[in-house]
>>> print(open('run.pdb').read())   # PDB, C-alpha atoms
ATOM      1  CA  MET T   1      -1.437  22.939  -7.341
ATOM      2  CA  LEU T   2       0.888  20.625  -9.172
ATOM      3  CA  LYS T   3       2.557  21.774 -12.351
ATOM      4  CA  PHE T   4       2.137  19.621 -15.489
ATOM      5  CA  THR T   5       4.030  21.533 -18.173
ATOM      6  CA  GLY T   6       6.288  19.717 -20.582
ATOM      7  CA  THR T   7       4.358  16.470 -20.502
ATOM      8  CA  GLU T   8       4.194  13.998 -23.307
ATOM      9  CA  PRO T   9       2.051  10.896 -23.796
ATOM     10  CA  CYS T  10       3.827   7.653 -22.984
ATOM     11  CA  GLY T  11       1.530   5.354 -24.949
ATOM     12  CA  ILE T  12       0.155   3.496 -21.931
ATOM     13  CA  ASP T  13      -3.567   4.290 -21.986
ATOM     14  CA  GLY T  14      -2.841   7.998 -22.332
ATOM     15  CA  CYS T  15      -0.827   8.376 -19.137
ATOM     16  CA  LEU T  16       1.624  11.232 -19.012
ATOM     17  CA  VAL T  17       5.376  11.178 -18.537
ATOM     18  CA  ILE T  18       6.116  13.939 -16.072
ATOM     19  CA  GLU T  19       9.568  15.047 -15.059
ATOM     20  CA  GLU T  20       9.803  14.248 -11.346
ATOM     21  CA  LYS T  21      11.220  17.650 -10.452
ATOM     22  CA  GLU T  22       8.288  19.403 -12.155
ATOM     23  CA  LEU T  23       5.852  17.774  -9.734
ATOM     24  CA  PHE T  24       7.155  19.999  -6.952
ATOM     25  CA  GLY T  25       6.237  23.130  -8.920
ATOM     26  CA  ALA T  26       7.700  26.390  -7.640
ATOM     27  CA  THR T  27       8.315  25.059  -4.139
ATOM     28  CA  PRO T  28      11.972  25.449  -3.123
ATOM     29  CA  VAL T  29      13.267  21.891  -2.891
ATOM     30  CA  THR T  30      16.805  20.517  -2.899
ATOM     31  CA  PHE T  31      17.071  17.266  -4.869
ATOM     32  CA  PHE T  32      19.528  14.510  -3.998
ATOM     33  CA  GLU T  33      20.475  11.427  -6.035
ATOM     34  CA  GLY T  34      20.239   9.381  -2.853
ATOM     35  CA  PRO T  35      19.121   9.939   0.721
ATOM     36  CA  PRO T  36      18.923  13.643   1.580
ATOM     37  CA  ASP T  37      21.871  15.118   3.488
ATOM     38  CA  ALA T  38      20.667  17.292   6.370
ATOM     39  CA  ALA T  39      24.043  19.056   6.532
ATOM     40  CA  ALA T  40      23.553  20.407   2.991
ATOM     41  CA  LEU T  41      20.167  21.976   3.790
ATOM     42  CA  LYS T  42      19.457  25.451   5.139
ATOM     43  CA  PRO T  43      16.776  26.301   7.737
ATOM     44  CA  GLY T  44      13.288  25.858   6.283
ATOM     45  CA  ASP T  45      14.482  23.746   3.321
ATOM     46  CA  LEU T  46      13.116  20.439   2.092
ATOM     47  CA  GLY T  47      15.539  17.804   0.810
ATOM     48  CA  VAL T  48      14.156  15.020  -1.388
ATOM     49  CA  ASN T  49      15.614  11.775  -2.752
ATOM     50  CA  ILE T  50      14.631  12.239  -6.426
ATOM     51  CA  ASP T  51      15.892   8.757  -7.305
ATOM     52  CA  LEU T  52      13.042   7.209  -5.275
ATOM     53  CA  PHE T  53      10.518   9.233  -7.272
ATOM     54  CA  ARG T  54      11.949   7.833 -10.496
ATOM     55  CA  GLN T  55      11.658   4.313  -9.096
ATOM     56  CA  VAL T  56       8.048   4.900  -8.009
ATOM     57  CA  LYS T  57       7.187   6.275 -11.447
ATOM     58  CA  VAL T  58       8.657   3.223 -13.180
ATOM     59  CA  HIS T  59       7.150   0.725 -10.739
ATOM     60  CA  TYR T  60       3.630   2.208 -10.774
ATOM     61  CA  ASN T  61       3.427   2.990 -14.493
ATOM     62  CA  LYS T  62      -0.163   1.855 -15.080
ATOM     63  CA  ALA T  63      -2.600   4.597 -16.077
ATOM     64  CA  LYS T  64      -4.816   3.943 -13.061
ATOM     65  CA  GLU T  65      -1.787   4.255 -10.760
ATOM     66  CA  ASN T  66      -0.260   7.405 -12.261
ATOM     67  CA  ILE T  67      -1.214   9.309  -9.108
ATOM     68  CA  ALA T  68       1.521   7.546  -7.091
ATOM     69  CA  CYS T  69       4.185  10.214  -7.664
ATOM     70  CA  ARG T  70       1.700  13.024  -7.037
ATOM     71  CA  VAL T  71       0.712  11.512  -3.683
ATOM     72  CA  LEU T  72       4.377  11.021  -2.738
ATOM     73  CA  VAL T  73       5.143  14.654  -3.635
ATOM     74  CA  ASP T  74       2.212  15.822  -1.527
ATOM     75  CA  ILE T  75       3.452  13.654   1.348
ATOM     76  CA  CYS T  76       6.906  15.246   1.195
ATOM     77  CA  LEU T  77       5.494  18.767   1.025
ATOM     78  CA  ASP T  78       3.087  18.013   3.895
ATOM     79  CA  ILE T  79       5.646  17.220   6.623
ATOM     80  CA  GLN T  80       4.359  19.145   9.645
ATOM     81  CA  GLU T  81       6.385  20.796  12.429
ATOM     82  CA  SER T  82       5.525  17.780  14.591
ATOM     83  CA  GLY T  83       7.321  15.480  12.129
ATOM     84  CA  TYR T  84       4.124  13.739  11.088
ATOM     85  CA  LEU T  85       2.021  14.056   7.944
ATOM     86  CA  GLY T  86      -0.996  16.315   7.753
ATOM     87  CA  ARG T  87      -4.615  15.235   7.453
ATOM     88  CA  MET T  88      -5.664  12.893   4.656
ATOM     89  CA  ASP T  89      -8.697  14.961   3.696
ATOM     90  CA  ASP T  90      -6.493  18.036   3.174
ATOM     91  CA  SER T  91      -4.183  15.957   0.983
ATOM     92  CA  ALA T  92      -7.134  14.571  -0.998
ATOM     93  CA  GLU T  93      -8.404  18.094  -1.621
ATOM     94  CA  ARG T  94      -4.989  19.296  -2.840
ATOM     95  CA  LEU T  95      -4.714  16.292  -5.184
ATOM     96  CA  SER T  96      -8.359  16.429  -6.361
ATOM     97  CA  THR T  97      -8.919  12.821  -5.359
ATOM     98  CA  THR T  98     -10.625  10.892  -2.581
ATOM     99  CA  VAL T  99      -9.494  10.260   0.981
ATOM    100  CA  VAL T 100      -9.605   6.516   0.250
ATOM    101  CA  THR T 101      -7.057   6.950  -2.555
ATOM    102  CA  VAL T 102      -4.707   8.957  -0.328
ATOM    103  CA  GLN T 103      -5.063   6.419   2.484
ATOM    104  CA  ARG T 104      -4.392   3.522   0.109
ATOM    105  CA  TRP T 105      -1.203   5.120  -1.195
ATOM    106  CA  ARG T 106       0.008   6.047   2.293
ATOM    107  CA  SER T 107      -0.525   2.444   3.349
ATOM    108  CA  ARG T 108       1.335   1.128   0.275
ATOM    109  CA  PHE T 109       4.225   3.507   0.859
ATOM    110  CA  ALA T 110       4.359   2.430   4.519
ATOM    111  CA  ASP T 111       4.445  -1.222   3.444
ATOM    112  CA  THR T 112       7.383  -0.494   1.115
ATOM    113  CA  GLY T 113       9.284   1.501   3.750
ATOM    114  CA  LEU T 114       8.918   4.996   2.286
ATOM    115  CA  LEU T 115       6.704   6.033   5.204
ATOM    116  CA  LYS T 116       6.754   4.983   8.829
ATOM    117  CA  ARG T 117       3.449   3.969  10.343
ATOM    118  CA  GLN T 118       3.324   5.541  13.813
ATOM    119  CA  ASN T 119       0.020   4.022  14.903
ATOM    120  CA  ARG T 120      -2.952   2.185  13.429
ATOM    121  CA  ASN T 121      -5.066   5.334  13.241
ATOM    122  CA  GLY T 122      -3.391   6.773  10.145
ATOM    123  CA  LEU T 123      -0.483   8.670  11.730
ATOM    124  CA  TYR T 124       2.543   8.490   9.433
ATOM    125  CA  SER T 125       5.958  10.095   9.187
ATOM    126  CA  VAL T 126       8.326  10.205   6.221
ATOM    127  CA  ASP T 127      11.392   7.999   6.280
ATOM    128  CA  PRO T 128      14.577  10.137   6.257
ATOM    129  CA  LYS T 129      15.795   8.279   3.158
ATOM    130  CA  VAL T 130      12.861   9.861   1.247
ATOM    131  CA  ALA T 131      12.706  13.458   2.475
ATOM    132  CA  ILE T 132      14.015  15.704   5.232
ATOM    133  CA  ARG T 133      12.459  19.032   6.209
ATOM    134  CA  MET T 134      14.497  21.494   8.251
ATOM    135  CA  ASN T 135      12.865  23.690  10.886
ATOM    136  CA  SER T 136      13.524  27.431  11.272
ATOM    137  CA  GLU T 137      16.495  26.767  13.574
ATOM    138  CA  GLY T 138      18.162  24.492  11.010
ATOM    139  CA  ALA T 139      17.482  21.147  12.728
ATOM    140  CA  ALA T 140      15.877  18.216  10.919
ATOM    141  CA  ILE T 141      12.211  17.768  11.820
ATOM    142  CA  LYS T 142      11.701  14.321  13.346
ATOM    143  CA  PRO T 143       8.620  12.817  14.961
ATOM    144  CA  THR T 144       8.856  12.667  18.729
ATOM    145  CA  SER T 145       6.901  10.367  20.995
ATOM    146  CA  ASP T 146       5.774  13.197  23.286
ATOM    147  CA  LYS T 147       3.820  14.722  20.405
ATOM    148  CA  LYS T 148       1.949  11.492  19.653
ATOM    149  CA  ALA T 149      -1.453  10.903  21.143
ATOM    150  CA  ILE T 150      -0.643   7.974  23.409
ATOM    151  CA  PHE T 151      -3.491   6.954  25.652
ATOM    152  CA  LYS T 152      -2.693   5.399  28.992
ATOM    153  CA  PHE T 153      -5.264   3.718  31.171
TER     154      PHE T 153
END
>>> encode(input="run.pdb", output="structure tokens")
Amino acid sequence: MLKFTGTEPCGIDGCLVIEEKELFGATPVTFFEGPPDAAALKPGDLGVNIDLFRQVKVHYNKAKENIACRVLVDICLDIQESGYLGRMDDSAERLSTTVVTVQRWRSRFADTGLLKRQNRNGLYSVDPKVAIRMNSEGAAIKPTSDKKAIFKF
């Protein structure tokens, strides 16, 4: 679950100002003030560009869009060993929202360049300027074409 301690009302229809780093909860994350540096991460670590989260929070500040940062956090935490994001219904369950909401935000983030759309069936990967997850050997997890479901006729 996401941690919401230390929040204060911002005056915009009761939305909450949440410190970006608090959204990650107790998960061990290394924060960077720019694109994550893979050389500074240890095996199994997640490096996140916290400056992008601040920009998303400012850009999507409407009360009905206050889930933007939460979806982006879930996306970063959900980078699979294959380099792609996990299932949308699992993400929707973790965020207590609908699959349509998760899909809409993934599509918006892909349109703005925070995610990379791998195919038209909802397969996404995270742009390295947003987050980098290291595998157990200490190499950055990247999507590879041999792990994609490519159909040939």
>>> closest_atom_pairs(input="run.pdb", of="stretch 27-70 of chain T", to="stretch 102-118 of chain T", cutoff="10 Å", atoms="all atoms listed in the file", output="Markdown table")
| residue | atom | partner | partner_atom | distance |
| --- | --- | --- | --- | --- |
| T:Leu52 | CA | T:Leu114 | CA | 8.9 |
| T:Val56 | CA | T:Phe109 | CA | 9.8 |
| T:Glu65 | CA | T:Trp105 | CA | 9.6 |
| T:Ile67 | CA | T:Trp105 | CA | 9.0 |
| T:Ala68 | CA | T:Trp105 | CA | 6.9 |
| T:Cys69 | CA | T:Trp105 | CA | 9.8 |
>>> closest_atom_pairs(input="run.pdb", of="stretch 12-121 of chain T", to="stretch 133-140 of chain T", cutoff="12 Å", atoms="only C-alpha atoms", output="CSV")
residue,atom,partner,partner_atom,distance
T:Pro28,CA,T:Arg133,CA,11.3
T:Val29,CA,T:Arg133,CA,9.6
T:Thr30,CA,T:Arg133,CA,10.2
T:Pro36,CA,T:Arg133,CA,9.6
T:Asp37,CA,T:Ala140,CA,10.0
T:Ala38,CA,T:Ala140,CA,6.7
T:Ala39,CA,T:Gly138,CA,9.2
T:Ala40,CA,T:Gly138,CA,10.5
T:Leu41,CA,T:Met134,CA,7.2
T:Lys42,CA,T:Gly138,CA,6.1
T:Pro43,CA,T:Gly138,CA,4.0
T:Gly44,CA,T:Met134,CA,4.9
T:Asp45,CA,T:Met134,CA,5.4
T:Leu46,CA,T:Arg133,CA,4.4
T:Gly47,CA,T:Arg133,CA,6.3
T:Val48,CA,T:Arg133,CA,8.8
T:Asn49,CA,T:Arg133,CA,12.0
T:Ile75,CA,T:Arg133,CA,11.6
T:Cys76,CA,T:Arg133,CA,8.4
T:Leu77,CA,T:Arg133,CA,8.7
T:Asp78,CA,T:Arg133,CA,9.7
T:Ile79,CA,T:Arg133,CA,7.1
T:Gln80,CA,T:Arg133,CA,8.8
T:Glu81,CA,T:Asn135,CA,7.3
T:Ser82,CA,T:Asn135,CA,10.1
T:Gly83,CA,T:Arg133,CA,8.6
T:Tyr84,CA,T:Arg133,CA,11.0
T:Leu85,CA,T:Arg133,CA,11.7
>>> atom_distance(input="run.pdb", atom1="atom CA of T:Ser96", atom2="atom CA of T:Asp74")
11.6 Å
>>> resolve_selection(input="run.pdb", expression="the PyMOL selection byres ((chain T and resi 89-94) around 9)", output="VMD selection string")
chain T and resid 1 to 2 71 74 to 75 78 86 to 88 95 to 102
>>> closest_residue(input="run.pdb", among="T:Leu72, T:Leu123, T:Phe32, T:Phe24", to="T:Phe53", atoms="all atoms listed in the file")
T:Leu72
>>> axis_aligned_box(input="run.pdb", around="stretch 121-124 of chain T", padding_each_side="8 Å", output="JSON")
{"center_x": -1.3, "center_y": 7.0, "center_z": 11.3, "size_x": 23.6, "size_y": 19.3, "size_z": 19.8}
>>> closest_residue(input="run.pdb", among="T:Pro143, T:Glu33, T:Pro128, T:Asn119", to="T:Gln55", atoms="all atoms listed in the file")
T:Glu33
>>> atom_distance(input="run.pdb", atom1="atom CA of T:Pro35", atom2="atom CA of T:Arg54")
13.5 Å
>>> atom_distance(input="run.pdb", atom1="atom CA of T:Gly122", atom2="atom CA of T:Lys142")
17.2 Å
>>> closest_residue(input="run.pdb", among="T:Val58, T:Val73, T:Ala131, T:Val126", to="T:Gly34", atoms="all atoms listed in the file")
T:Ala131
>>> build_atoms(input="run.pdb", residues="stretch 100-129 of chain T", atoms="N, CA and C atoms", output="PDB file, in the coordinates of the input")
ATOM      1  N   VAL T 100      -9.918   7.947   0.361  1.00  0.00           N
ATOM      2  CA  VAL T 100      -9.605   6.516   0.250  1.00  0.00           C
ATOM      3  C   VAL T 100      -8.350   6.311  -0.605  1.00  0.00           C
ATOM      4  N   THR T 101      -8.239   7.060  -1.687  1.00  0.00           N
ATOM      5  CA  THR T 101      -7.057   6.950  -2.555  1.00  0.00           C
ATOM      6  C   THR T 101      -5.800   7.370  -1.811  1.00  0.00           C
ATOM      7  N   VAL T 102      -5.862   8.479  -1.095  1.00  0.00           N
ATOM      8  CA  VAL T 102      -4.707   8.957  -0.328  1.00  0.00           C
ATOM      9  C   VAL T 102      -4.332   7.936   0.744  1.00  0.00           C
ATOM     10  N   GLN T 103      -5.332   7.399   1.439  1.00  0.00           N
ATOM     11  CA  GLN T 103      -5.063   6.419   2.484  1.00  0.00           C
ATOM     12  C   GLN T 103      -4.436   5.156   1.903  1.00  0.00           C
ATOM     13  N   ARG T 104      -4.931   4.727   0.755  1.00  0.00           N
ATOM     14  CA  ARG T 104      -4.392   3.522   0.109  1.00  0.00           C
ATOM     15  C   ARG T 104      -2.919   3.720  -0.244  1.00  0.00           C
ATOM     16  N   TRP T 105      -2.590   4.878  -0.818  1.00  0.00           N
ATOM     17  CA  TRP T 105      -1.203   5.120  -1.195  1.00  0.00           C
ATOM     18  C   TRP T 105      -0.310   5.287   0.023  1.00  0.00           C
ATOM     19  N   ARG T 106      -0.797   5.931   1.073  1.00  0.00           N
ATOM     20  CA  ARG T 106       0.008   6.047   2.293  1.00  0.00           C
ATOM     21  C   ARG T 106       0.286   4.662   2.866  1.00  0.00           C
ATOM     22  N   SER T 107      -0.702   3.806   2.850  1.00  0.00           N
ATOM     23  CA  SER T 107      -0.525   2.444   3.349  1.00  0.00           C
ATOM     24  C   SER T 107       0.482   1.669   2.490  1.00  0.00           C
ATOM     25  N   ARG T 108       0.375   1.807   1.172  1.00  0.00           N
ATOM     26  CA  ARG T 108       1.335   1.128   0.275  1.00  0.00           C
ATOM     27  C   ARG T 108       2.749   1.631   0.507  1.00  0.00           C
ATOM     28  N   PHE T 109       2.891   2.948   0.636  1.00  0.00           N
ATOM     29  CA  PHE T 109       4.225   3.507   0.859  1.00  0.00           C
ATOM     30  C   PHE T 109       4.775   3.090   2.223  1.00  0.00           C
ATOM     31  N   ALA T 110       3.907   2.922   3.217  1.00  0.00           N
ATOM     32  CA  ALA T 110       4.359   2.430   4.519  1.00  0.00           C
ATOM     33  C   ALA T 110       4.802   0.979   4.413  1.00  0.00           C
ATOM     34  N   ASP T 111       4.080   0.187   3.633  1.00  0.00           N
ATOM     35  CA  ASP T 111       4.445  -1.222   3.444  1.00  0.00           C
ATOM     36  C   ASP T 111       5.783  -1.375   2.725  1.00  0.00           C
ATOM     37  N   THR T 112       6.117  -0.423   1.851  1.00  0.00           N
ATOM     38  CA  THR T 112       7.383  -0.494   1.115  1.00  0.00           C
ATOM     39  C   THR T 112       8.521   0.223   1.835  1.00  0.00           C
ATOM     40  N   GLY T 113       8.226   0.870   2.970  1.00  0.00           N
ATOM     41  CA  GLY T 113       9.284   1.501   3.750  1.00  0.00           C
ATOM     42  C   GLY T 113       9.525   2.963   3.446  1.00  0.00           C
ATOM     43  N   LEU T 114       8.736   3.574   2.578  1.00  0.00           N
ATOM     44  CA  LEU T 114       8.918   4.996   2.286  1.00  0.00           C
ATOM     45  C   LEU T 114       8.321   5.874   3.390  1.00  0.00           C
ATOM     46  N   LEU T 115       7.306   5.355   4.058  1.00  0.00           N
ATOM     47  CA  LEU T 115       6.704   6.033   5.204  1.00  0.00           C
ATOM     48  C   LEU T 115       6.833   5.129   6.421  1.00  0.00           C
ATOM     49  N   LYS T 116       6.760   5.753   7.590  1.00  0.00           N
ATOM     50  CA  LYS T 116       6.754   4.983   8.829  1.00  0.00           C
ATOM     51  C   LYS T 116       5.377   5.114   9.456  1.00  0.00           C
ATOM     52  N   ARG T 117       4.760   3.994   9.711  1.00  0.00           N
ATOM     53  CA  ARG T 117       3.449   3.969  10.343  1.00  0.00           C
ATOM     54  C   ARG T 117       3.657   4.153  11.843  1.00  0.00           C
ATOM     55  N   GLN T 118       3.123   5.240  12.401  1.00  0.00           N
ATOM     56  CA  GLN T 118       3.324   5.541  13.813  1.00  0.00           C
ATOM     57  C   GLN T 118       2.276   4.879  14.697  1.00  0.00           C
ATOM     58  N   ASN T 119       1.070   4.731  14.177  1.00  0.00           N
ATOM     59  CA  ASN T 119       0.020   4.022  14.903  1.00  0.00           C
ATOM     60  C   ASN T 119      -0.963   3.471  13.880  1.00  0.00           C
ATOM     61  N   ARG T 120      -1.968   2.796  14.333  1.00  0.00           N
ATOM     62  CA  ARG T 120      -2.952   2.185  13.429  1.00  0.00           C
ATOM     63  C   ARG T 120      -4.112   3.120  13.109  1.00  0.00           C
ATOM     64  N   ASN T 121      -4.006   4.369  13.507  1.00  0.00           N
ATOM     65  CA  ASN T 121      -5.066   5.334  13.241  1.00  0.00           C
ATOM     66  C   ASN T 121      -4.729   6.280  12.094  1.00  0.00           C
ATOM     67  N   GLY T 122      -3.723   5.965  11.306  1.00  0.00           N
ATOM     68  CA  GLY T 122      -3.391   6.773  10.145  1.00  0.00           C
ATOM     69  C   GLY T 122      -2.335   7.828  10.387  1.00  0.00           C
ATOM     70  N   LEU T 123      -1.560   7.714  11.458  1.00  0.00           N
ATOM     71  CA  LEU T 123      -0.483   8.670  11.730  1.00  0.00           C
ATOM     72  C   LEU T 123       0.803   8.139  11.106  1.00  0.00           C
ATOM     73  N   TYR T 124       1.343   8.901  10.159  1.00  0.00           N
ATOM     74  CA  TYR T 124       2.543   8.490   9.433  1.00  0.00           C
ATOM     75  C   TYR T 124       3.602   9.580   9.534  1.00  0.00           C
ATOM     76  N   SER T 125       4.851   9.162   9.360  1.00  0.00           N
ATOM     77  CA  SER T 125       5.958  10.095   9.187  1.00  0.00           C
ATOM     78  C   SER T 125       6.762   9.622   7.977  1.00  0.00           C
ATOM     79  N   VAL T 126       7.530  10.523   7.405  1.00  0.00           N
ATOM     80  CA  VAL T 126       8.326  10.205   6.221  1.00  0.00           C
ATOM     81  C   VAL T 126       9.672   9.645   6.647  1.00  0.00           C
ATOM     82  N   ASP T 127      10.084   8.568   6.002  1.00  0.00           N
ATOM     83  CA  ASP T 127      11.392   7.999   6.280  1.00  0.00           C
ATOM     84  C   ASP T 127      12.471   8.988   5.839  1.00  0.00           C
ATOM     85  N   PRO T 128      13.523   9.175   6.627  1.00  0.00           N
ATOM     86  CA  PRO T 128      14.577  10.137   6.257  1.00  0.00           C
ATOM     87  C   PRO T 128      15.293   9.822   4.943  1.00  0.00           C
ATOM     88  N   LYS T 129      15.184   8.593   4.449  1.00  0.00           N
ATOM     89  CA  LYS T 129      15.795   8.279   3.158  1.00  0.00           C
ATOM     90  C   LYS T 129      14.990   8.865   2.001  1.00  0.00           C
TER      91      LYS T 129
END
